[in-house]
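Enquirer: Structure file model_0.cif (mmCIF, C-alpha atoms) right here:
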```
data_input
#
loop_
_atom_site.label_atom_id
_atom_site.label_comp_id
_atom_site.auth_asym_id
_atom_site.auth_seq_id
_atom_site.Cartn_x
_atom_site.Cartn_y
_atom_site.Cartn_z
CA MET W 22 -16.19 20.50 -45.95
CA ALA W 23 -15.77 18.86 -42.57
CA THR W 24 -14.72 20.88 -39.55
CA PRO W 25 -11.79 19.81 -37.35
CA ALA W 26 -14.33 18.87 -34.68
CA GLU W 27 -16.15 16.56 -37.11
CA LEU W 28 -12.87 14.93 -38.09
CA SER W 29 -11.94 14.51 -34.45
CA ASP W 30 -15.34 12.99 -33.61
CA PHE W 31 -15.15 10.60 -36.53
CA LEU W 32 -11.65 9.42 -35.65
CA ALA W 33 -12.58 9.03 -31.98
CA GLN W 34 -15.52 6.90 -32.98
CA VAL W 35 -13.58 4.67 -35.37
CA GLU W 36 -10.08 4.42 -33.88
CA ARG W 37 -10.66 1.42 -31.60
CA ARG W 38 -12.25 -0.69 -34.32
CA ALA W 39 -9.56 0.41 -36.76
CA PHE W 40 -6.88 -0.70 -34.30
CA LYS W 41 -8.59 -4.05 -33.84
CA GLN W 42 -8.96 -4.50 -37.60
CA ALA W 43 -5.26 -3.86 -38.07
CA VAL W 44 -4.35 -6.23 -35.22
CA TYR W 45 -6.46 -9.03 -36.69
CA ALA W 46 -4.68 -8.53 -40.01
CA VAL W 47 -1.05 -8.01 -38.99
CA ARG W 48 -1.10 -9.76 -35.55
CA ASP W 49 1.20 -7.20 -34.01
CA ASP W 50 -0.03 -4.40 -31.75
CA HIS W 51 2.82 -2.02 -32.53
CA VAL W 52 2.56 -2.46 -36.27
CA ALA W 53 -1.21 -2.11 -36.03
CA LEU W 54 -0.83 1.18 -34.14
CA ASP W 55 1.55 2.49 -36.79
CA ILE W 56 -0.88 1.52 -39.51
CA VAL W 57 -3.81 3.25 -37.84
CA GLN W 58 -1.74 6.35 -37.15
CA ASP W 59 -0.58 6.51 -40.76
CA ALA W 60 -4.16 6.07 -41.96
CA MET W 61 -5.39 8.92 -39.75
CA LEU W 62 -2.63 11.24 -40.94
CA LYS W 63 -3.23 10.33 -44.55
CA LEU W 64 -6.95 11.02 -44.20
CA ALA W 65 -6.17 14.41 -42.67
CA GLU W 66 -3.51 15.24 -45.23
CA LYS W 67 -5.36 14.23 -48.38
CA TYR W 68 -9.04 14.52 -47.58
CA ALA W 69 -9.40 17.21 -44.93
CA ALA W 70 -11.50 19.28 -47.31
CA ARG W 71 -14.02 16.51 -47.99
CA PRO W 72 -17.44 16.36 -46.29
CA ALA W 73 -17.56 14.32 -43.09
CA THR W 74 -20.05 11.91 -44.68
CA GLU W 75 -17.28 10.65 -46.97
CA TYR W 76 -14.86 9.95 -44.12
CA PRO W 77 -15.99 6.37 -43.29
CA MET W 78 -15.39 5.04 -46.79
CA LEU W 79 -12.22 7.07 -47.33
CA PHE W 80 -10.72 6.04 -44.02
CA GLN W 81 -11.53 2.38 -44.53
CA ARG W 82 -9.98 2.44 -47.99
CA ILE W 83 -6.84 4.08 -46.62
CA LEU W 84 -6.70 1.60 -43.74
CA GLN W 85 -7.13 -1.44 -45.99
CA ASN W 86 -4.48 -0.10 -48.37
CA ALA W 87 -2.10 0.45 -45.48
CA ILE W 88 -2.64 -3.13 -44.31
CA ARG W 89 -2.03 -4.42 -47.83
CA ASP W 90 1.14 -2.31 -48.09
CA HIS W 91 2.36 -3.92 -44.89
CA PHE W 92 1.85 -7.37 -46.39
CA ARG W 93 3.60 -6.38 -49.59
CA ARG W 94 6.63 -5.31 -47.58
CA LEU W 95 6.42 -8.52 -45.58
CA LYS W 96 6.30 -10.54 -48.79
CA VAL W 97 9.52 -8.98 -49.94
CA ARG W 98 11.20 -9.77 -46.63
CA ASN W 99 9.88 -13.27 -46.16
CA THR W 100 8.51 -14.88 -49.32
CA TRP W 101 7.62 -18.21 -47.93
CA THR W 102 5.63 -16.98 -44.98
CA ALA W 103 3.65 -14.54 -47.11
CA LEU W 104 3.15 -17.21 -49.79
CA PHE W 105 1.59 -19.58 -47.29
CA SER W 106 -0.90 -17.03 -46.05
CA SER W 107 -1.64 -15.89 -49.60
CA PHE W 108 -2.62 -19.39 -50.69
CA SER W 109 -4.84 -20.01 -47.68
CA THR W 110 -8.47 -20.08 -48.81
CA GLY W 111 -10.18 -20.95 -45.53
CA GLN W 112 -12.69 -23.19 -47.34
CA ASP W 113 -13.62 -26.65 -46.26
CA ASP W 114 -15.20 -28.23 -49.32
CA ASP W 115 -15.78 -31.55 -47.59
CA ASP W 116 -18.00 -30.04 -44.92
CA GLU W 117 -21.48 -29.68 -46.38
CA HIS W 118 -23.10 -29.18 -43.00
CA ASP W 119 -24.32 -25.64 -42.46
CA PRO W 120 -22.83 -24.57 -39.12
CA LEU W 121 -25.30 -21.75 -38.81
CA GLU W 122 -28.04 -24.32 -38.24
CA THR W 123 -26.39 -25.65 -35.07
CA LEU W 124 -26.12 -22.33 -33.32
CA SER W 125 -28.84 -21.37 -30.93
CA PRO W 126 -29.27 -18.04 -29.19
CA GLN W 127 -28.64 -17.93 -25.49
CA ASP W 128 -30.51 -15.45 -23.34
CA GLY W 129 -28.31 -13.36 -21.07
CA ASP W 130 -25.69 -14.61 -18.67
CA ALA W 131 -24.84 -14.09 -15.02
CA GLN W 132 -23.04 -10.80 -14.45
CA GLY W 133 -20.17 -10.25 -12.03
CA ASP W 134 -19.37 -13.92 -11.52
CA PRO W 135 -15.58 -14.58 -11.95
CA TYR W 136 -16.28 -17.79 -13.79
CA THR W 137 -18.48 -15.87 -16.17
CA GLN W 138 -15.82 -13.20 -16.60
CA VAL W 139 -13.22 -15.82 -17.50
CA SER W 140 -15.65 -17.49 -19.84
CA ARG W 141 -16.41 -14.15 -21.45
CA ASP W 142 -12.72 -13.37 -21.91
CA GLU W 143 -12.13 -16.82 -23.35
CA THR W 144 -15.06 -16.36 -25.71
CA LEU W 145 -13.73 -13.04 -26.90
CA ALA W 146 -10.29 -14.56 -27.38
CA ILE W 147 -11.80 -17.39 -29.41
CA ILE W 148 -13.70 -14.95 -31.60
CA GLU W 149 -10.62 -12.84 -32.18
CA GLN W 150 -8.58 -15.91 -33.03
CA ALA W 151 -11.24 -17.11 -35.47
CA LEU W 152 -11.32 -13.69 -37.11
CA GLN W 153 -7.55 -13.62 -37.43
CA GLN W 154 -7.60 -16.98 -39.15
CA LEU W 155 -9.97 -15.82 -41.86
CA PRO W 156 -8.47 -15.09 -45.27
CA LEU W 157 -7.70 -11.40 -45.66
CA ARG W 158 -10.48 -10.63 -48.14
CA GLN W 159 -13.14 -12.47 -46.15
CA ARG W 160 -12.12 -10.66 -42.98
CA GLU W 161 -12.13 -7.31 -44.80
CA ALA W 162 -15.59 -7.90 -46.21
CA PHE W 163 -17.01 -9.11 -42.90
CA ILE W 164 -15.60 -6.21 -40.90
CA LEU W 165 -16.58 -3.53 -43.41
CA ARG W 166 -20.05 -4.92 -43.97
CA TYR W 167 -21.04 -5.85 -40.44
CA TRP W 168 -18.72 -4.03 -38.05
CA GLU W 169 -18.44 -0.75 -39.95
CA ASN W 170 -22.06 -1.04 -41.09
CA MET W 171 -21.31 -0.31 -44.73
CA ASP W 172 -23.75 -1.47 -47.37
CA VAL W 173 -22.71 -3.87 -50.12
CA ALA W 174 -21.95 -1.10 -52.63
CA GLU W 175 -19.78 0.84 -50.20
CA THR W 176 -17.93 -2.30 -49.15
CA ALA W 177 -17.29 -3.18 -52.79
CA ALA W 178 -15.96 0.33 -53.44
CA VAL W 179 -13.56 0.15 -50.51
CA MET W 180 -12.36 -3.34 -51.37
CA GLY W 181 -12.13 -2.64 -55.09
CA CYS W 182 -14.22 -5.66 -56.04
CA SER W 183 -17.73 -6.44 -57.29
CA GLU W 184 -20.81 -6.48 -55.07
CA GLY W 185 -21.18 -10.17 -55.81
CA SER W 186 -17.68 -10.79 -54.46
CA VAL W 187 -18.55 -8.87 -51.31
CA LYS W 188 -21.61 -11.03 -50.72
CA THR W 189 -19.61 -14.18 -51.33
CA HIS W 190 -16.81 -13.10 -48.99
CA CYS W 191 -19.30 -12.11 -46.29
CA SER W 192 -21.18 -15.38 -46.55
CA ARG W 193 -18.02 -17.46 -46.40
CA ALA W 194 -16.64 -15.41 -43.54
CA THR W 195 -19.80 -15.74 -41.49
CA HIS W 196 -19.98 -19.49 -42.08
CA ALA W 197 -16.29 -19.92 -41.27
CA LEU W 198 -16.60 -17.91 -38.06
CA ALA W 199 -19.70 -19.78 -37.01
CA ALA W 200 -17.98 -23.10 -37.67
CA ALA W 201 -14.88 -22.07 -35.74
CA LEU W 202 -16.92 -20.84 -32.80
CA GLY W 203 -19.10 -23.94 -32.86
CA LYS W 204 -16.05 -26.20 -32.72
CA LYS W 205 -14.85 -24.36 -29.62
CA GLY W 206 -18.24 -24.65 -28.01
CA VAL W 207 -19.13 -20.99 -28.23
CA ALA W 208 -22.86 -20.45 -28.46
CA LEU W 209 -24.02 -17.16 -29.93
CA MET A 5 -32.97 -10.19 -41.43
CA THR A 6 -31.44 -13.36 -42.85
CA HIS A 7 -29.94 -16.10 -40.73
CA GLU A 8 -26.48 -15.09 -41.91
CA GLN A 9 -27.04 -11.48 -40.95
CA ASP A 10 -28.41 -12.51 -37.57
CA THR A 11 -25.33 -14.66 -36.91
CA ALA A 12 -23.05 -11.85 -38.04
CA ARG A 13 -24.84 -9.42 -35.75
CA LYS A 14 -24.27 -11.68 -32.74
CA ILE A 15 -20.59 -12.06 -33.61
CA ILE A 16 -20.27 -8.30 -33.98
CA SER A 17 -21.86 -7.68 -30.60
CA LEU A 18 -19.08 -9.77 -29.10
CA LEU A 19 -16.45 -8.06 -31.24
CA ASP A 20 -17.60 -4.71 -29.88
CA GLN A 21 -16.71 -5.96 -26.42
CA THR A 22 -13.14 -6.65 -27.51
CA THR A 23 -12.55 -2.93 -27.98
CA ASP A 24 -13.27 -2.42 -24.27
CA GLY A 25 -10.19 -4.47 -23.44
CA ILE A 26 -7.68 -2.26 -25.25
CA ASP A 27 -4.98 -1.17 -22.80
CA ARG A 28 -4.52 2.44 -21.69
CA ALA A 29 -1.16 2.93 -23.42
CA THR A 30 -2.66 1.96 -26.77
CA LEU A 31 -5.68 4.20 -26.24
CA ASP A 32 -3.35 7.11 -25.43
CA ARG A 33 -1.38 6.52 -28.61
CA LEU A 34 -4.55 6.41 -30.62
CA ALA A 35 -5.67 9.66 -29.04
CA ASP A 36 -2.29 11.27 -29.84
CA ALA A 37 -2.55 10.12 -33.44
CA ARG A 38 -6.04 11.55 -33.64
CA ARG A 39 -4.87 14.91 -32.31
CA GLN A 40 -1.98 15.02 -34.78
CA ALA A 41 -4.35 14.24 -37.62
CA VAL A 42 -6.78 16.97 -36.60
CA GLU A 43 -3.93 19.52 -36.34
CA LEU A 44 -2.62 18.50 -39.73
CA ALA A 45 -6.09 18.81 -41.26
CA ALA A 46 -6.51 22.29 -39.77
CA ARG A 47 -3.16 23.39 -41.24
CA ARG A 48 -4.02 21.95 -44.65
CA VAL A 49 -7.38 23.62 -44.80
CA HIS A 50 -6.62 26.95 -43.16
CA GLY A 51 -2.99 27.54 -44.21
CA SER A 52 -1.87 30.76 -46.07
CA PRO A 53 -2.46 30.92 -49.85
CA LEU A 54 1.28 31.05 -50.53
CA ALA A 55 1.94 28.08 -48.26
CA THR A 56 -0.94 26.26 -49.93
CA ALA A 57 0.46 27.03 -53.40
CA MET A 58 3.98 26.00 -52.40
CA GLY A 59 2.51 23.01 -50.67
CA GLY A 60 0.66 22.18 -53.87
CA VAL A 61 3.85 22.23 -55.92
CA GLY A 62 5.64 20.30 -53.25
CA GLU A 63 2.80 17.83 -53.05
CA PHE A 64 2.87 17.39 -56.84
CA LEU A 65 6.62 16.76 -56.79
CA GLU A 66 6.24 14.41 -53.85
CA GLN A 67 3.53 12.40 -55.59
CA TRP A 68 5.49 12.30 -58.85
CA TYR A 69 8.57 11.08 -57.03
CA ALA A 70 6.56 8.46 -55.13
CA GLN A 71 5.20 7.10 -58.42
CA HIS A 72 8.48 7.30 -60.35
CA ARG A 73 10.94 6.65 -57.58
CA LEU A 74 13.13 4.14 -59.40
CA ALA A 75 13.22 6.13 -62.64
CA THR A 76 14.13 9.30 -60.74
CA LEU A 77 16.97 7.60 -58.89
CA VAL A 78 18.34 6.02 -62.07
CA ALA A 79 18.20 9.39 -63.86
CA LEU A 80 20.01 11.11 -60.98
CA VAL A 81 22.73 8.45 -60.91
CA MET A 82 23.20 8.72 -64.66
CA LEU A 83 23.40 12.50 -64.44
CA LEU A 84 26.02 12.23 -61.72
CA LEU A 85 28.06 9.74 -63.74
CA ALA A 86 27.82 11.93 -66.81
CA ALA A 87 29.01 14.94 -64.83
CA ILE A 88 31.96 12.99 -63.44
CA LEU A 89 32.92 11.64 -66.86
CA LEU A 90 32.63 15.06 -68.45
CA GLN A 91 34.81 16.59 -65.79
CA GLN A 92 37.47 13.90 -66.17
CA GLY A 93 37.35 13.99 -69.98
CA GLY A 94 37.60 17.78 -70.04
CA HIS A 95 41.06 17.76 -68.55
CA GLN A 96 42.62 15.77 -71.40
CA PRO A 97 42.02 18.23 -74.26
CA MET A 98 43.22 21.12 -72.06
CA GLU A 99 46.39 19.28 -71.12
CA ALA A 100 47.00 18.30 -74.74
CA ASP A 101 46.58 21.96 -75.85
CA ALA A 102 49.05 23.14 -73.23
CA LEU A 103 51.58 20.50 -74.27
CA LEU A 104 51.20 21.42 -77.91
CA LEU A 105 51.62 25.14 -77.33
CA ALA A 106 54.64 24.67 -75.07
CA SER A 107 56.38 22.26 -77.41
CA GLU A 108 59.32 23.39 -79.58
CA LEU A 109 58.13 21.22 -82.44
CA PRO A 110 55.54 22.46 -84.91
CA PRO A 111 52.05 20.91 -84.59
CA GLU A 112 52.46 19.16 -87.98
CA ALA A 113 55.22 17.04 -86.52
CA TYR A 114 52.76 15.33 -84.23
CA LEU A 115 50.61 14.37 -87.22
CA ASP A 116 53.57 12.57 -88.89
CA GLU A 117 53.09 8.83 -88.45
CA GLY A 118 56.84 8.15 -88.56
CA PHE A 119 57.56 10.75 -85.93
CA ASP A 120 56.82 8.42 -83.03
CA LYS A 121 59.24 5.84 -84.44
CA TRP A 122 61.92 8.49 -84.87
CA LEU A 123 61.40 9.62 -81.28
CA GLU A 124 61.84 6.06 -80.00
CA GLN A 125 64.95 5.53 -82.05
CA SER A 126 66.50 8.84 -81.05
CA ALA A 127 65.87 8.07 -77.38
CA LEU A 128 67.94 4.89 -77.57
CA PRO A 129 71.54 5.28 -76.47
#
```
The structure given in the file should be rewritten as C-alpha cells.
Expert:
Amino acid sequence: MATPAELSDFLAQVERRAFKQAVYAVRDDHVALDIVQDAMLKLAEKYAARPATEYPMLFQRILQNAIRDHFRRLKVRNTWTALFSSFSTGQDDDDEHDPLETLSPQDGDAQGDPYTQVSRDETLAIIEQALQQLPLRQREAFILRYWENMDVAETAAVMGCSEGSVKTHCSRATHALAAALGKKGVAL
Amino acid sequence: MTHEQDTARKIISLLDQTTDGIDRATLDRLADARRQAVELAARRVHGSPLATAMGGVGEFLEQWYAQHRLATLVALVMLLLAAILLQQGGHQPMEADALLLASELPPEAYLDEGFDKWLEQSALP
C-alpha cells in the first residue's frame, strides 16, 4: 500500500505532463485542469490502498477515461463538431515518402540569444500544434508509450486495445508528427 | 533503438520543455489538486472502521446509482405517481361510504337501475 508521501510524489511528478496531455486533447486550459483534478481525486478515492508501482497505469487510465468522457459530453452538445473530429484519421495515403528519412539531427544551439529563444518557442508551439492535430488514439498511444515511458503491454492495457494496435498507432503518430514538423521546417 | 524510436525520443525531449512554460496560476491549481487528493487518500485509508463501513455502503449505493441512474429516476417517478394516484383514489370510497351511511334511503335503492330515472323524473317540476 502506498503512503501519502508516495502518492504526493507520484502526482507531483506526473501532474504537468497530465495537464499537457489534457490540453492537447481538449484544447482548453480550464477544462484540462478540471480533468486532471478529477483524475487525481479519483485515483486517491478509489486506489489509495494500491501499491505506488500501480499508480502510473491507473492514473493514465483514469485520465484517458476522463478525456473520453469530456468528448462524449461534447458529442451530445454539438454533434457535428464531434462527428468531424471522430472521422478524422490523420492518414495521408498518397504520401509514400517516409518523412523520417528527411530529418537529420542537429547538434546543440546557441543559448541565451533572443532569436534562438523565439525560434525555440515557435518550435515548441509547432510541436504542440502537431500533437493536437493527431487523432485521439494516435496521440494517446504516442504519449503513453514515449512520454510516460510505458511499454507496449502497459499502453495496450491503459488504452483497452491490442499490443498490435498500440504499435500501429505509435508508428502512425510518429510519422505524422515528423511529417508535420518537417513541413514547418523543424529539424529534430 | 529503431529510427522511429529515435525520432520519438527527440520529439519527447522537446515536449518536456513545453511543461516548463506552464504559468504559475495553473501550477498552483495543480498543486492544490494534488494536496486535496493526498488528503482524500489519507482519509480513505486511515478513517475509522465505522466510517469505512458506512462509506462502503454509501460507495456501493453511489456506484449502483451511477450505473442505473435512468432506471432509478424512472422508478422514483413511478413510485411518486402511484402514491399520488393512491391518495386521490382513496378519497372516493371514503366519501361514497359517508354518503351511503348518511342517506335516508336503504343501500339497496342505489343498486336499483330504475332508481336514477325515478330521481330525475321526481326532480322535474
Enquirer: Which residues, written as a list in words, have at least one atom at most 8 Å from W:Ala46, with all atoms listed in the file counted and residues fewer than 3 positions away on the same chain left out?
Expert: Gln42, Ala43, Ile88, Gln153 and Leu157 of chain W
Enquirer: What does the PyMOL selection byres ((chain A) within 9 of (chain W)) select in this file, as a count of residues only?
Expert: 36
Enquirer: Take atom CA of W:Arg158 and atom CA of W:Arg48 and report the distance between them in Å, one decimal.
Expert: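 Distance reported for this atom pair: 15.7 Å.
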Enquirer: Have a look at atom CA of A:Glu124 and atom CA of A:Ala102 and let me know their distance in Å, one decimal.
Expert: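 So the two atoms, atom CA of A:Glu124 and atom CA of A:Ala102, lie 22.4 Å apart.
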Enquirer: Please expand the PyMOL selection byres ((chain W and resi 187) around 10) into the concrete residues it hits in this file, giving the result as an mmCIF file with C-alpha atoms, in the coordinates of the input.
Expert:
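Once everything was written out, this is result_2.cif:
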```
data_model
loop_
_atom_site.group_PDB
_atom_site.id
_atom_site.type_symbol
_atom_site.label_atom_id
_atom_site.label_comp_id
_atom_site.auth_asym_id
_atom_site.auth_seq_id
_atom_site.Cartn_x
_atom_site.Cartn_y
_atom_site.Cartn_z
ATOM 1 C CA ARG W 158 -10.480 -10.630 -48.140
ATOM 2 C CA GLN W 159 -13.140 -12.470 -46.150
ATOM 3 C CA GLU W 161 -12.130 -7.310 -44.800
ATOM 4 C CA ALA W 162 -15.590 -7.900 -46.210
ATOM 5 C CA PHE W 163 -17.010 -9.110 -42.900
ATOM 6 C CA LEU W 165 -16.580 -3.530 -43.410
ATOM 7 C CA ARG W 166 -20.050 -4.920 -43.970
ATOM 8 C CA ASP W 172 -23.750 -1.470 -47.370
ATOM 9 C CA VAL W 173 -22.710 -3.870 -50.120
ATOM 10 C CA ALA W 174 -21.950 -1.100 -52.630
ATOM 11 C CA GLU W 175 -19.780 0.840 -50.200
ATOM 12 C CA THR W 176 -17.930 -2.300 -49.150
ATOM 13 C CA ALA W 177 -17.290 -3.180 -52.790
ATOM 14 C CA ALA W 178 -15.960 0.330 -53.440
ATOM 15 C CA MET W 180 -12.360 -3.340 -51.370
ATOM 16 C CA GLY W 181 -12.130 -2.640 -55.090
ATOM 17 C CA CYS W 182 -14.220 -5.660 -56.040
ATOM 18 C CA SER W 183 -17.730 -6.440 -57.290
ATOM 19 C CA GLU W 184 -20.810 -6.480 -55.070
ATOM 20 C CA GLY W 185 -21.180 -10.170 -55.810
ATOM 21 C CA SER W 186 -17.680 -10.790 -54.460
ATOM 22 C CA LYS W 188 -21.610 -11.030 -50.720
ATOM 23 C CA THR W 189 -19.610 -14.180 -51.330
ATOM 24 C CA HIS W 190 -16.810 -13.100 -48.990
ATOM 25 C CA CYS W 191 -19.300 -12.110 -46.290
ATOM 26 C CA SER W 192 -21.180 -15.380 -46.550
ATOM 27 C CA ARG W 193 -18.020 -17.460 -46.400
#
```
Enquirer: Have a look at atom CA of W:Ile83 and atom CA of W:Leu155 and let me know their distance in Å, one decimal.
Expert: 20.7 Å
Enquirer: Let me make sure I understand: among W:Ala73, W:Ile147, W:Ala200, W:Ile56, which one has the smallest atom-to-atom distance to W:Ala87 if we use all atoms listed in the file?
Expert: W:Ile56
